[in-house]
>>> print(open('run-v5.txt').read())   # compact mmCIF, C-alpha atoms
# COMPACT_ATOMS: atom_id res chain seq x y z
CA LEU A 127 174.39 -58.34 171.81
CA ALA A 128 173.78 -61.94 172.87
CA ILE A 129 176.81 -64.10 173.56
CA GLU A 130 175.84 -66.37 170.65
CA ASN A 131 176.56 -63.50 168.27
CA TYR A 132 180.22 -63.77 169.27
CA PHE A 133 180.76 -67.48 169.95
CA GLY A 134 177.88 -69.18 168.18
CA PRO A 135 175.65 -71.63 170.05
CA ALA A 136 177.08 -73.38 173.10
CA ALA A 137 178.41 -76.90 172.52
CA ASN A 138 177.53 -79.22 175.43
CA GLY A 139 177.14 -76.19 177.68
CA TYR A 140 180.42 -74.50 176.66
CA TYR A 141 181.06 -71.52 174.43
CA GLU A 142 184.10 -72.43 172.35
CA ILE A 143 187.26 -70.32 172.09
CA ALA A 144 189.02 -71.09 168.81
CA THR A 145 190.71 -67.79 167.92
CA THR A 146 192.41 -64.82 169.56
CA GLN A 147 189.34 -62.79 168.55
CA ASN A 148 187.28 -65.13 170.73
CA LEU A 149 189.63 -64.32 173.61
CA LYS A 150 189.05 -60.61 173.05
CA ASP A 151 185.29 -61.20 172.98
CA LEU A 152 185.51 -63.21 176.20
CA LEU A 153 186.27 -59.99 178.09
CA GLY A 154 182.67 -58.90 177.61
CA PHE A 155 181.25 -62.02 179.24
CA ALA A 156 183.81 -63.07 181.88
CA ASP A 157 181.72 -61.59 184.71
CA ASN A 158 178.66 -63.78 184.11
CA PRO A 159 178.53 -66.94 186.27
CA SER A 160 175.99 -68.58 183.97
CA TYR A 161 178.54 -68.97 181.15
CA SER A 162 181.25 -71.59 180.67
CA PHE A 163 184.03 -71.49 178.09
CA ARG A 164 186.21 -74.14 176.45
CA LEU A 165 189.49 -73.62 174.59
CA VAL A 166 189.45 -75.74 171.42
CA ALA A 167 192.81 -74.73 169.89
CA ASP A 168 196.34 -73.77 170.95
CA LEU A 169 196.61 -69.98 170.71
CA ASP A 170 199.59 -67.62 170.58
CA LEU A 171 199.02 -64.48 172.64
CA SER A 172 201.97 -62.62 171.10
CA THR A 173 199.49 -61.36 168.50
CA ILE A 174 197.51 -59.60 171.28
CA PRO A 175 200.23 -58.24 173.60
CA GLY A 176 199.07 -57.21 177.05
CA TRP A 177 195.80 -59.12 176.75
CA HIS A 178 194.51 -60.60 180.00
CA ILE A 179 191.26 -61.06 181.93
CA PRO A 180 191.09 -58.61 184.86
CA TYR A 181 188.59 -60.80 186.70
CA PHE A 182 186.80 -64.04 185.87
CA ALA A 183 183.44 -64.82 187.46
CA ALA A 184 182.11 -67.15 184.77
CA ALA A 185 181.49 -70.76 185.77
CA VAL A 186 184.32 -72.58 183.97
CA PHE A 187 187.31 -71.95 181.73
CA ASP A 188 188.23 -75.39 180.41
CA GLY A 189 191.49 -75.49 178.50
CA SER A 190 190.63 -79.04 177.37
CA GLY A 191 194.36 -79.80 177.21
CA HIS A 192 195.23 -76.86 174.95
CA THR A 193 197.77 -74.11 175.56
CA LEU A 194 198.00 -70.34 175.51
CA SER A 195 201.55 -69.24 174.74
CA ASN A 196 203.57 -66.02 175.04
CA LEU A 197 201.48 -64.08 177.53
CA LYS A 198 203.39 -60.80 177.97
CA LEU A 199 202.11 -58.61 180.76
CA ALA A 200 203.95 -55.64 182.25
CA GLN A 201 201.91 -53.86 184.94
CA THR A 202 204.49 -52.60 187.37
CA PHE A 203 202.03 -50.79 189.63
CA GLN A 204 199.22 -53.35 189.38
CA GLU A 205 197.90 -55.82 191.95
CA ASP A 206 196.00 -58.96 190.85
CA ALA A 207 198.03 -59.64 187.71
CA GLY A 208 198.22 -62.76 185.57
CA LEU A 209 196.36 -64.33 182.67
CA ILE A 210 193.43 -63.78 185.03
CA GLY A 211 193.82 -61.00 187.57
CA GLU A 212 191.23 -62.31 190.02
CA LEU A 213 189.46 -65.67 189.88
CA ARG A 214 186.17 -65.24 191.73
CA SER A 215 184.64 -67.72 194.18
CA GLY A 216 182.61 -70.38 192.38
CA SER A 217 184.69 -70.15 189.19
CA THR A 218 186.94 -72.92 187.85
CA ILE A 219 189.98 -73.11 185.59
CA THR A 220 190.91 -76.60 184.46
CA ASN A 221 193.09 -78.45 181.93
CA LEU A 222 194.93 -75.31 180.79
CA GLY A 223 198.59 -74.84 179.94
CA LEU A 224 200.39 -71.49 179.75
CA LEU A 225 203.67 -71.58 177.85
CA ASP A 226 206.49 -69.05 178.10
CA VAL A 227 204.72 -66.35 180.11
CA ASP A 228 206.45 -63.08 180.98
CA VAL A 229 204.36 -61.52 183.75
CA ARG A 230 205.68 -58.52 185.67
CA ALA A 231 203.59 -56.59 188.16
CA TYR A 232 203.49 -55.14 191.67
CA ALA A 233 201.69 -57.58 193.98
CA GLU A 234 199.41 -60.64 193.99
CA THR A 235 201.03 -61.73 190.76
CA GLY A 236 200.88 -65.19 189.18
CA GLY A 237 201.40 -66.69 185.75
CA LEU A 238 197.86 -68.05 185.65
CA VAL A 239 196.00 -66.09 188.34
CA GLY A 240 197.02 -63.15 190.48
CA SER A 241 194.47 -63.65 193.26
CA SER A 242 192.30 -66.79 193.38
CA TYR A 243 189.13 -67.47 195.37
CA GLY A 244 188.11 -70.20 192.94
CA THR A 245 189.21 -73.68 191.85
CA ILE A 246 192.23 -74.47 189.66
CA SER A 247 192.95 -78.01 188.52
CA ASN A 248 195.23 -79.83 186.07
CA SER A 249 196.87 -76.63 184.85
CA TYR A 250 200.46 -75.43 184.48
CA VAL A 251 202.70 -72.46 183.72
CA THR A 252 206.16 -72.12 182.16
CA GLY A 253 208.20 -68.93 181.70
CA ALA A 254 208.89 -66.15 184.21
CA VAL A 255 206.84 -64.28 186.83
CA SER A 256 208.03 -61.32 188.89
CA GLY A 257 206.54 -58.82 191.29
CA THR A 258 208.15 -55.86 193.02
CA ALA A 259 206.20 -56.29 196.27
CA TYR A 260 204.34 -59.26 197.78
CA ALA A 261 202.48 -62.49 196.95
CA VAL A 262 204.21 -63.67 193.78
CA GLY A 263 203.87 -67.25 192.50
CA GLY A 264 204.54 -69.20 189.35
CA LEU A 265 200.91 -70.37 189.11
CA VAL A 266 199.03 -68.13 191.58
CA GLY A 267 200.14 -65.06 193.50
CA ARG A 268 197.72 -65.43 196.43
CA ASN A 269 195.43 -68.42 196.98
CA GLN A 270 192.69 -66.62 198.88
CA PRO A 271 190.24 -68.09 201.46
CA GLY A 272 188.31 -70.90 199.78
CA GLY A 273 190.76 -71.15 196.89
CA ALA A 274 191.69 -74.69 195.81
CA ILE A 275 194.57 -75.85 193.60
CA SER A 276 195.04 -79.47 192.57
CA GLY A 277 196.97 -81.50 190.01
CA SER A 278 198.85 -78.41 188.82
CA TYR A 279 202.46 -77.26 188.47
CA ALA A 280 204.76 -74.40 187.52
CA THR A 281 208.27 -74.46 186.07
CA ALA A 282 208.43 -70.66 185.85
CA ALA A 283 211.27 -68.64 187.35
CA VAL A 284 209.73 -66.53 190.12
CA SER A 285 211.07 -63.42 191.84
CA GLY A 286 209.64 -60.89 194.27
CA ASN A 287 210.16 -59.14 197.58
CA THR A 288 208.11 -61.09 200.13
CA LEU A 289 205.66 -64.02 200.00
CA VAL A 290 207.33 -65.59 196.97
CA GLY A 291 206.77 -69.23 195.92
CA GLY A 292 207.46 -71.45 192.95
CA LEU A 293 203.77 -72.40 192.77
CA VAL A 294 201.96 -69.95 195.09
CA GLY A 295 203.26 -66.87 196.86
CA ASP A 296 200.77 -66.89 199.74
CA ASN A 297 198.46 -69.81 200.50
CA TYR A 298 195.85 -68.26 202.76
CA SER A 299 193.91 -69.85 205.61
CA SER A 300 191.07 -72.15 204.44
CA SER A 301 192.71 -72.52 201.02
CA THR A 302 194.18 -75.79 199.74
CA ILE A 303 196.94 -77.13 197.50
CA SER A 304 197.10 -80.82 196.59
CA ASN A 305 198.97 -83.10 194.17
CA SER A 306 200.93 -80.15 192.79
CA TYR A 307 204.57 -79.13 192.39
CA ALA A 308 207.02 -76.48 191.20
CA THR A 309 210.51 -76.78 189.68
CA GLY A 310 211.46 -73.19 188.78
CA ALA A 311 214.13 -71.02 190.41
CA VAL A 312 212.70 -68.80 193.16
CA SER A 313 214.24 -65.66 194.63
CA GLY A 314 213.07 -62.99 197.06
CA GLY A 315 213.67 -61.18 200.32
CA THR A 316 211.48 -62.78 203.01
CA LEU A 317 208.98 -65.64 203.19
CA VAL A 318 210.35 -67.42 200.13
CA GLY A 319 209.71 -71.09 199.28
CA GLY A 320 210.23 -73.52 196.44
CA LEU A 321 206.53 -74.43 196.51
CA VAL A 322 204.87 -71.74 198.64
CA GLY A 323 206.22 -68.54 200.16
CA LYS A 324 203.88 -68.68 203.17
CA ASN A 325 201.35 -71.41 203.93
CA SER A 326 198.51 -70.63 206.35
CA GLY A 327 196.15 -73.17 204.76
>>> encode(input="run-v5.txt", output="structure tokens")
Amino acid sequence: LAIENYFGPAANGYYEIATTQNLKDLLGFADNPSYSFRLVADLDLSTIPGWHIPYFAAAVFDGSGHTLSNLKLAQTFQEDAGLIGELRSGSTITNLGLLDVDVRAYAETGGLVGSSYGTISNSYVTGAVSGTAYAVGGLVGRNQPGGAISGSYATAAVSGNTLVGGLVGDNYSSSTISNSYATGAVSGGTLVGGLVGKNSG
């Protein structure tokens, strides 16, 4: 079916997310770069436990200052774990707050994005993020080549084995972080930092 059957007509170029059902429906359209989405209400994810977006290739997810709360994700053998597992190149997340996340996975694990090739701006995460292996961050697990983070922060407690950071576990070469910070407790084995576990960018 056409996307309008799920979200109604686009408003100023954005399909609006107003309910948790809209979030469920988003999964069918998150791989289309011609679509953009806007959150128009604060939503509680405890009503849809385990819900997340494995990969996001749509143009924009604009939180418009709203929050998603109580993301609970336990994927102990999974890489690319977070609200969004992988943010594809050319995609943007902006103006989004995640409250009280509990994200537990294996590697490339973040509260907002596990593995990011896209752009993240003016967004934040609170709660706890943990990974049993590598690249674990409060906001993003691994900021991949071309990934850009700006004006964002995390207060989440973060733990992992290696490449563990309060904001980003591994900031890869040709990726950027600007005007951002982290305040959460961070623990790990090697390559551990309050902001970034390892910075090659």
>>> closest_residue(input="run-v5.txt", among="A:Ala259, A:Leu213, A:Ala167, A:Leu224", to="Ile179 of chain A", atoms="only C-alpha atoms")
A:Leu213
>>> atom_distance(input="run-v5.txt", atom1="atom CA of Ile143 of chain A", atom2="atom CA of Thr252 of chain A")
21.5 Å
>>> closest_residue(input="run-v5.txt", among="A:Gly292, A:Pro180, A:Gly286, A:Gly272", to="Thr316 of chain A", atoms="all atoms listed in the file")
A:Gly286
>>> closest_residue(input="run-v5.txt", among="A:Ala261, A:Ile246, A:Val322, A:Val251", to="Ala274 of chain A", atoms="only C-alpha atoms")
A:Ile246
>>> closest_residue(input="run-v5.txt", among="A:Asn325, A:Asn158, A:Gln201, A:Asn305", to="Gly176 of chain A", atoms="all atoms listed in the file")
A:Gln201
>>> atom_distance(input="run-v5.txt", atom1="atom CA of Val318 of chain A", atom2="atom CA of Gly291 of chain A")
5.8 Å
>>> closest_residue(input="run-v5.txt", among="A:Thr173, A:Ser162, A:Thr146, A:Ser256", to="Gly216 of chain A", atoms="all atoms listed in the file")
A:Ser162
>>> closest_residue(input="run-v5.txt", among="A:Thr218, A:Thr258, A:Ser190, A:Ser249", to="Thr202 of chain A", atoms="all atoms listed in the file")
A:Thr258
>>> atom_distance(input="run-v5.txt", atom1="atom CA of Tyr141 of chain A", atom2="atom CA of Val229 of chain A")
27.0 Å
>>> residues_near_point(input="run-v5.txt", point="(186.4, -62.8, 187.8)", cutoff="7 Å", atoms="only C-alpha atoms", output="list of chain:residue names")
A:Ala156, A:Asp157, A:Pro180, A:Tyr181, A:Phe182, A:Ala183, A:Ala184, A:Glu212, A:Leu213, A:Arg214
